[in-house]
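Colleague: Data: final27.txt, compact mmCIF, C-alpha atoms.
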# COMPACT_ATOMS: atom_id res chain seq x y z
CA MET A 30 -1.46 16.50 -4.27
CA GLY A 31 1.95 17.47 -2.92
CA ASP A 32 4.85 19.31 -4.47
CA ALA A 33 7.27 17.51 -6.74
CA PRO A 34 10.33 16.02 -5.00
CA ALA A 35 13.41 18.26 -4.99
CA VAL A 36 15.25 15.67 -7.06
CA ALA A 37 14.10 12.72 -9.11
CA PRO A 38 13.74 9.64 -6.86
CA ALA A 39 16.34 6.97 -7.52
CA ARG A 40 14.06 4.06 -6.64
CA VAL A 41 10.33 3.49 -6.39
CA VAL A 42 8.47 0.48 -4.98
CA LEU A 43 5.58 -0.70 -7.16
CA ALA A 44 2.94 -2.12 -4.83
CA THR A 45 1.45 -4.82 -7.02
CA ARG A 46 1.44 -8.59 -7.12
CA ASN A 47 0.50 -8.62 -10.78
CA PRO A 48 3.51 -9.69 -12.88
CA GLY A 49 1.91 -8.22 -16.01
CA LYS A 50 1.81 -4.74 -14.51
CA LEU A 51 5.39 -5.05 -13.31
CA ARG A 52 6.62 -6.03 -16.78
CA GLU A 53 4.78 -3.16 -18.47
CA LEU A 54 5.88 -0.48 -16.03
CA SER A 55 9.53 -1.38 -15.37
CA ALA A 56 10.67 -0.18 -18.79
CA MET A 57 8.68 3.06 -18.52
CA PHE A 58 10.27 3.95 -15.19
CA LEU A 59 13.77 3.04 -16.35
CA GLU A 60 13.38 5.37 -19.32
CA ALA A 61 12.71 8.12 -16.76
CA GLY A 62 15.87 7.17 -14.85
CA ILE A 63 14.03 5.46 -11.98
CA ALA A 64 14.68 1.87 -10.91
CA LEU A 65 11.47 0.10 -10.00
CA ASP A 66 11.51 -2.31 -7.06
CA ASP A 67 8.90 -5.02 -6.68
CA LEU A 68 7.47 -6.17 -3.35
CA ALA A 69 9.66 -9.26 -3.20
CA SER A 70 12.87 -7.23 -3.50
CA VAL A 71 11.90 -5.09 -0.48
CA GLY A 72 11.02 -8.04 1.77
CA LEU A 73 7.27 -8.32 1.14
CA ALA A 74 7.24 -11.41 -1.05
CA ALA A 75 4.58 -13.15 1.03
CA GLU A 76 1.07 -11.76 0.60
CA ASP A 77 -0.41 -10.41 3.84
CA PRO A 78 -4.05 -11.42 4.51
CA GLU A 79 -4.84 -7.75 5.14
CA GLU A 80 -4.22 -7.00 1.46
CA ASP A 81 -7.55 -8.59 0.54
CA ALA A 82 -9.37 -5.76 2.34
CA LEU A 83 -7.58 -2.91 0.56
CA GLU A 84 -9.64 -2.86 -2.65
CA THR A 85 -13.13 -2.64 -1.17
CA PHE A 86 -14.03 0.92 -2.14
CA ASP A 87 -16.40 2.16 -4.83
CA THR A 88 -13.87 4.16 -6.86
CA PHE A 89 -10.50 3.55 -8.46
CA GLU A 90 -9.14 6.59 -6.62
CA GLU A 91 -10.04 5.27 -3.18
CA ASN A 92 -8.68 1.79 -3.89
CA ALA A 93 -5.38 3.12 -5.24
CA ARG A 94 -4.98 5.44 -2.27
CA ALA A 95 -5.71 2.66 0.22
CA LYS A 96 -3.08 0.40 -1.34
CA ALA A 97 -0.44 3.10 -1.56
CA ARG A 98 -0.92 4.15 2.06
CA TRP A 99 -1.00 0.60 3.41
CA PHE A 100 2.20 -0.49 1.66
CA SER A 101 3.85 2.81 2.56
CA SER A 102 3.17 2.04 6.23
CA LYS A 103 5.09 -1.22 5.77
CA LEU A 104 7.99 0.52 3.99
CA PRO A 105 8.90 3.67 5.95
CA GLY A 106 11.13 6.01 3.99
CA ALA A 107 10.29 4.45 0.61
CA LEU A 108 8.46 6.08 -2.25
CA VAL A 109 5.55 3.72 -2.90
CA VAL A 110 3.30 3.72 -5.95
CA ALA A 111 0.05 1.77 -6.35
CA ASP A 112 -2.73 1.80 -8.87
CA ASP A 113 -6.24 0.54 -9.33
CA SER A 114 -7.54 -0.05 -12.80
CA GLY A 115 -10.34 -1.79 -14.58
CA LEU A 116 -12.60 -2.21 -17.55
CA ALA A 117 -15.85 -0.25 -17.86
CA VAL A 118 -18.34 -1.58 -20.43
CA ASP A 119 -20.99 0.96 -21.38
CA SER A 120 -23.87 -1.46 -21.96
CA LEU A 121 -23.17 -3.11 -18.59
CA GLY A 122 -23.51 0.16 -16.71
CA GLY A 123 -19.76 0.54 -16.28
CA ALA A 124 -19.19 -3.01 -15.01
CA PRO A 125 -16.96 -4.68 -14.12
CA GLY A 126 -15.29 -1.41 -13.02
CA VAL A 127 -13.55 -1.66 -9.66
CA HIS A 128 -14.49 -5.36 -9.54
CA SER A 129 -12.56 -6.18 -12.72
CA LYS A 130 -9.93 -8.33 -11.02
CA ARG A 131 -12.31 -10.97 -9.65
CA TRP A 132 -15.51 -10.22 -11.51
CA SER A 133 -16.17 -13.84 -12.47
CA GLY A 134 -16.17 -14.98 -8.84
CA SER A 135 -13.59 -17.60 -9.67
CA GLY A 136 -11.29 -18.65 -6.87
CA ALA A 137 -8.46 -19.17 -9.34
CA ASN A 138 -5.39 -16.98 -9.76
CA GLY A 139 -3.12 -15.95 -12.60
CA ALA A 140 -3.95 -17.08 -16.11
CA ALA A 141 -6.87 -19.24 -14.94
CA LEU A 142 -8.53 -16.25 -13.29
CA GLU A 143 -8.03 -14.08 -16.37
CA ALA A 144 -9.61 -16.78 -18.55
CA ALA A 145 -12.60 -17.02 -16.21
CA ASN A 146 -13.06 -13.25 -16.21
CA ASN A 147 -12.90 -13.08 -20.01
CA ALA A 148 -15.42 -15.91 -20.37
CA HIS A 149 -17.74 -14.18 -17.91
CA LEU A 150 -17.51 -10.92 -19.86
CA LEU A 151 -18.41 -12.63 -23.15
CA ALA A 152 -21.31 -14.44 -21.48
CA ARG A 153 -22.68 -11.22 -19.99
CA LEU A 154 -22.51 -9.40 -23.32
CA GLY A 155 -23.78 -12.27 -25.45
CA PRO A 156 -24.57 -11.14 -29.00
CA ALA A 157 -25.12 -7.51 -27.92
CA ALA A 158 -24.30 -5.05 -30.68
CA ALA A 159 -23.37 -2.27 -28.26
CA ARG A 160 -19.87 -3.24 -27.11
CA THR A 161 -18.15 0.10 -26.49
CA ALA A 162 -15.93 0.18 -23.43
CA GLY A 163 -13.06 1.94 -21.77
CA TYR A 164 -10.17 1.16 -19.50
CA VAL A 165 -9.51 3.39 -16.46
CA CYS A 166 -6.42 3.64 -14.26
CA VAL A 167 -5.74 5.78 -11.20
CA VAL A 168 -2.26 5.78 -9.70
CA VAL A 169 -1.26 7.15 -6.28
CA CYS A 170 2.30 7.67 -5.06
CA THR A 171 3.27 8.48 -1.48
CA ASP A 172 6.39 8.88 0.63
CA GLY A 173 4.41 8.45 3.84
CA GLY A 174 3.54 12.13 4.05
CA ARG A 175 3.01 13.70 0.65
CA GLU A 176 0.90 12.13 -2.10
CA TRP A 177 0.77 12.48 -5.87
CA SER A 178 -1.96 11.05 -8.10
CA ALA A 179 -2.84 10.77 -11.77
CA ARG A 180 -5.59 9.27 -13.92
CA GLY A 181 -5.55 7.74 -17.40
CA GLU A 182 -8.27 6.43 -19.71
CA CYS A 183 -8.55 4.86 -23.15
CA ARG A 184 -11.49 3.86 -25.31
CA GLY A 185 -12.39 0.92 -27.51
CA ARG A 186 -14.83 -1.95 -27.77
CA ILE A 187 -15.17 -5.57 -26.66
CA LEU A 188 -14.52 -8.20 -29.32
CA THR A 189 -16.68 -11.30 -29.70
CA ALA A 190 -13.64 -13.55 -29.26
CA PRO A 191 -10.09 -13.09 -27.90
CA SER A 192 -7.41 -11.86 -30.29
CA GLY A 193 -3.72 -12.10 -29.47
CA THR A 194 -1.79 -13.42 -26.51
CA GLY A 195 -0.04 -10.26 -25.34
CA GLY A 196 -0.87 -8.08 -22.36
CA PHE A 197 -2.94 -9.50 -19.53
CA GLY A 198 -6.41 -9.40 -18.02
CA TYR A 199 -9.08 -8.43 -20.55
CA ASP A 200 -6.52 -7.26 -23.14
CA PRO A 201 -7.23 -9.96 -25.77
CA LEU A 202 -10.89 -8.86 -25.81
CA PHE A 203 -10.29 -5.10 -25.85
CA TRP A 204 -10.06 -3.49 -29.29
CA SER A 205 -8.20 -0.19 -28.98
CA ASP A 206 -9.61 2.75 -30.94
CA ASP A 207 -6.14 4.32 -30.89
CA LEU A 208 -4.22 1.31 -32.19
CA GLN A 209 -6.92 -0.31 -34.33
CA CYS A 210 -6.05 -3.70 -32.90
CA SER A 211 -6.63 -5.55 -29.66
CA PHE A 212 -4.32 -4.94 -26.72
CA GLY A 213 -3.61 -8.67 -26.96
CA ASP A 214 -2.16 -8.13 -30.44
CA ALA A 215 -0.31 -4.90 -29.63
CA THR A 216 3.37 -4.75 -28.79
CA ARG A 217 4.29 -3.69 -25.28
CA GLU A 218 5.63 -0.39 -26.59
CA ALA A 219 2.51 0.38 -28.65
CA LYS A 220 0.17 -0.45 -25.79
CA ALA A 221 2.18 1.69 -23.35
CA ARG A 222 1.73 4.73 -25.60
CA VAL A 223 -2.06 4.70 -25.50
CA SER A 224 -3.23 2.53 -22.62
CA HIS A 225 -4.98 3.81 -19.52
CA ARG A 226 -2.07 2.64 -17.39
CA GLY A 227 0.55 4.16 -19.66
CA ARG A 228 -1.22 7.51 -19.65
CA ALA A 229 -1.71 7.53 -15.88
CA PHE A 230 1.88 6.58 -15.08
CA ARG A 231 3.36 9.01 -17.61
CA ALA A 232 1.34 11.79 -15.98
CA LEU A 233 2.67 10.70 -12.59
CA LEU A 234 6.26 10.59 -13.85
CA GLU A 235 5.93 14.13 -15.19
CA ARG A 236 5.23 15.20 -11.62
CA LEU A 237 7.96 13.10 -10.01
CA VAL A 238 10.82 13.80 -12.40
CA PRO A 239 11.85 17.48 -12.61
CA ARG A 240 12.25 18.69 -16.15
CA ALA A 241 15.58 20.09 -17.21
CA ALA A 242 15.70 23.88 -17.00
CA PRO A 243 15.66 25.59 -20.42
CA ARG A 244 18.99 26.91 -21.62
CA ALA A 245 19.47 30.67 -21.48
CA GLY A 246 19.60 32.55 -24.77
Could you render the structure from this file as structure tokens?

Modeller:
Amino acid sequence: MGDAPAVAPARVVLATRNPGKLRELSAMFLEAGIALDDLASVGLAAEDPEEDALETFDTFEENARAKARWFSSKLPGALVVADDSGLAVDSLGGAPGVHSKRWSGSGANGAALEAANNAHLLARLGPAAARTAGYVCVVVCTDGGREWSARGECRGRILTAPSGTGGFGYDPLFWSDDLQCSFGDATREAKARVSHRGRAFRALLERLVPRAAPRAG
């Protein structure tokens, strides 16, 4: 949606409170010549209670759009980008899907919440042989009027025990078909090349950053 900006934006606000996402994406944007601001640096360090109601839709697309539009309304004139992503396990009918963040029902946050979610996933799967799964990410960017969106996916399977301490969320349990290792064991650079989030954000950046015109002759 929307035409590409006339020039590459100098700064973009990433509307997330997940430090793992911010770490992964900052380098990718800088490589494209775009400085990535977090919410704290633009005066939104404190979480607004209204944010809890933003991710209540049935699809990644709707959740990402709701977040991008809401934060854009708080930051007039800024280029705001938000995403929604999650794990979809085939034998669980696509769960946890859009409920990935708080699937376990734990009231914890940060590392404690991730541990609870991972334990819940292993309990739900049990000794099941069918463990194929995929990660999905949809990203939406808006300047308050125009919108751009992109989607990325990757495939793999769920391990029977965590492997590695890298990444975040379900990464230590997700074996990547592309990398032949878990996302928990992968380097940040390797994961960014093949992950759902890396693919979605690279597709978005291709729309936001004009390519250099080919030389004549």

Colleague: With only C-alpha atoms as the counted atoms, please give the residues lying no more than 9 Å from region 119-135 of chain A, apart from itself and same-chain residues fewer than 6 positions off, as a PyMOL selection string.

Modeller: chain A and resi 84-89+92+113+141-143+145-150+153-154+157+159-165+198-199

Colleague: Which residues of region 61-106 of chain A sit at most 12 Å from region 223-238 of chain A, using only C-alpha atoms? Give each one's shortest atom pair and distance in Å (one decimal place), in chain and ascending residue order, as a tab-separated table.

Modeller:
residue	atom	partner	partner_atom	distance
A:Ala61	CA	A:Val238	CA	7.4
A:Gly62	CA	A:Val238	CA	8.7
A:Ile63	CA	A:Val238	CA	8.9
A:Glu90	CA	A:Ala229	CA	11.9

Colleague: Would you save the residues from that selection as an mmCIF file, in the coordinates of the input, using C-alpha atoms?

Modeller:
data_model
loop_
_atom_site.group_PDB
_atom_site.id
_atom_site.type_symbol
_atom_site.label_atom_id
_atom_site.label_comp_id
_atom_site.auth_asym_id
_atom_site.auth_seq_id
_atom_site.Cartn_x
_atom_site.Cartn_y
_atom_site.Cartn_z
ATOM 1 C CA ALA A 61 12.710 8.120 -16.760
ATOM 2 C CA GLY A 62 15.870 7.170 -14.850
ATOM 3 C CA ILE A 63 14.030 5.460 -11.980
ATOM 4 C CA GLU A 90 -9.140 6.590 -6.620
#

Colleague: Fewer than 4 positions away in the same chain doesn't count, so skip those; otherwise give me all residues within 8 Å of region 204-221 of chain A, counting only C-alpha atoms, as a list in words.

Modeller: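 My reading of the contact set: Glu53, Cys183, Arg184, Gly185, Arg186, Ile187, Leu188, Pro191, Ser192, Gly193, Thr194, Gly195, Gly196, Phe197, Asp200, Arg226, Gly227 and Arg228 of chain A.
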
Colleague: Which one is closest to Val71 (chain A): A:Ala44, A:Ala111, A:Ala137, A:Leu151? Count all atoms listed in the file.

Modeller: A:Ala44

Colleague: Which residues are near Gly106 (chain A)? Cut-off 9 Å, all atoms listed in the file, ignore same chain within fewer than 4 positions. Put them as a ChimeraX atom specification.

Modeller: /A:101,172-173

Colleague: For the atom pair CA of Gly139 (chain A) and CA of Gly49 (chain A), what is the interatomic distance in Å to one decimal place?

Modeller: 9.8 Å

Colleague: What is the CA of Ala144 (chain A)-CA of Ala93 (chain A) distance in Å, reported with one decimal?

Modeller: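 So the answer is 24.3 Å.
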
Colleague: Take CA of Arg98 (chain A) and CA of Gly115 (chain A) and report the distance between them in Å, one decimal.

Modeller: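 According to the coordinates, CA of Arg98 (chain A) and CA of Gly115 (chain A) are separated by 20.0 Å.
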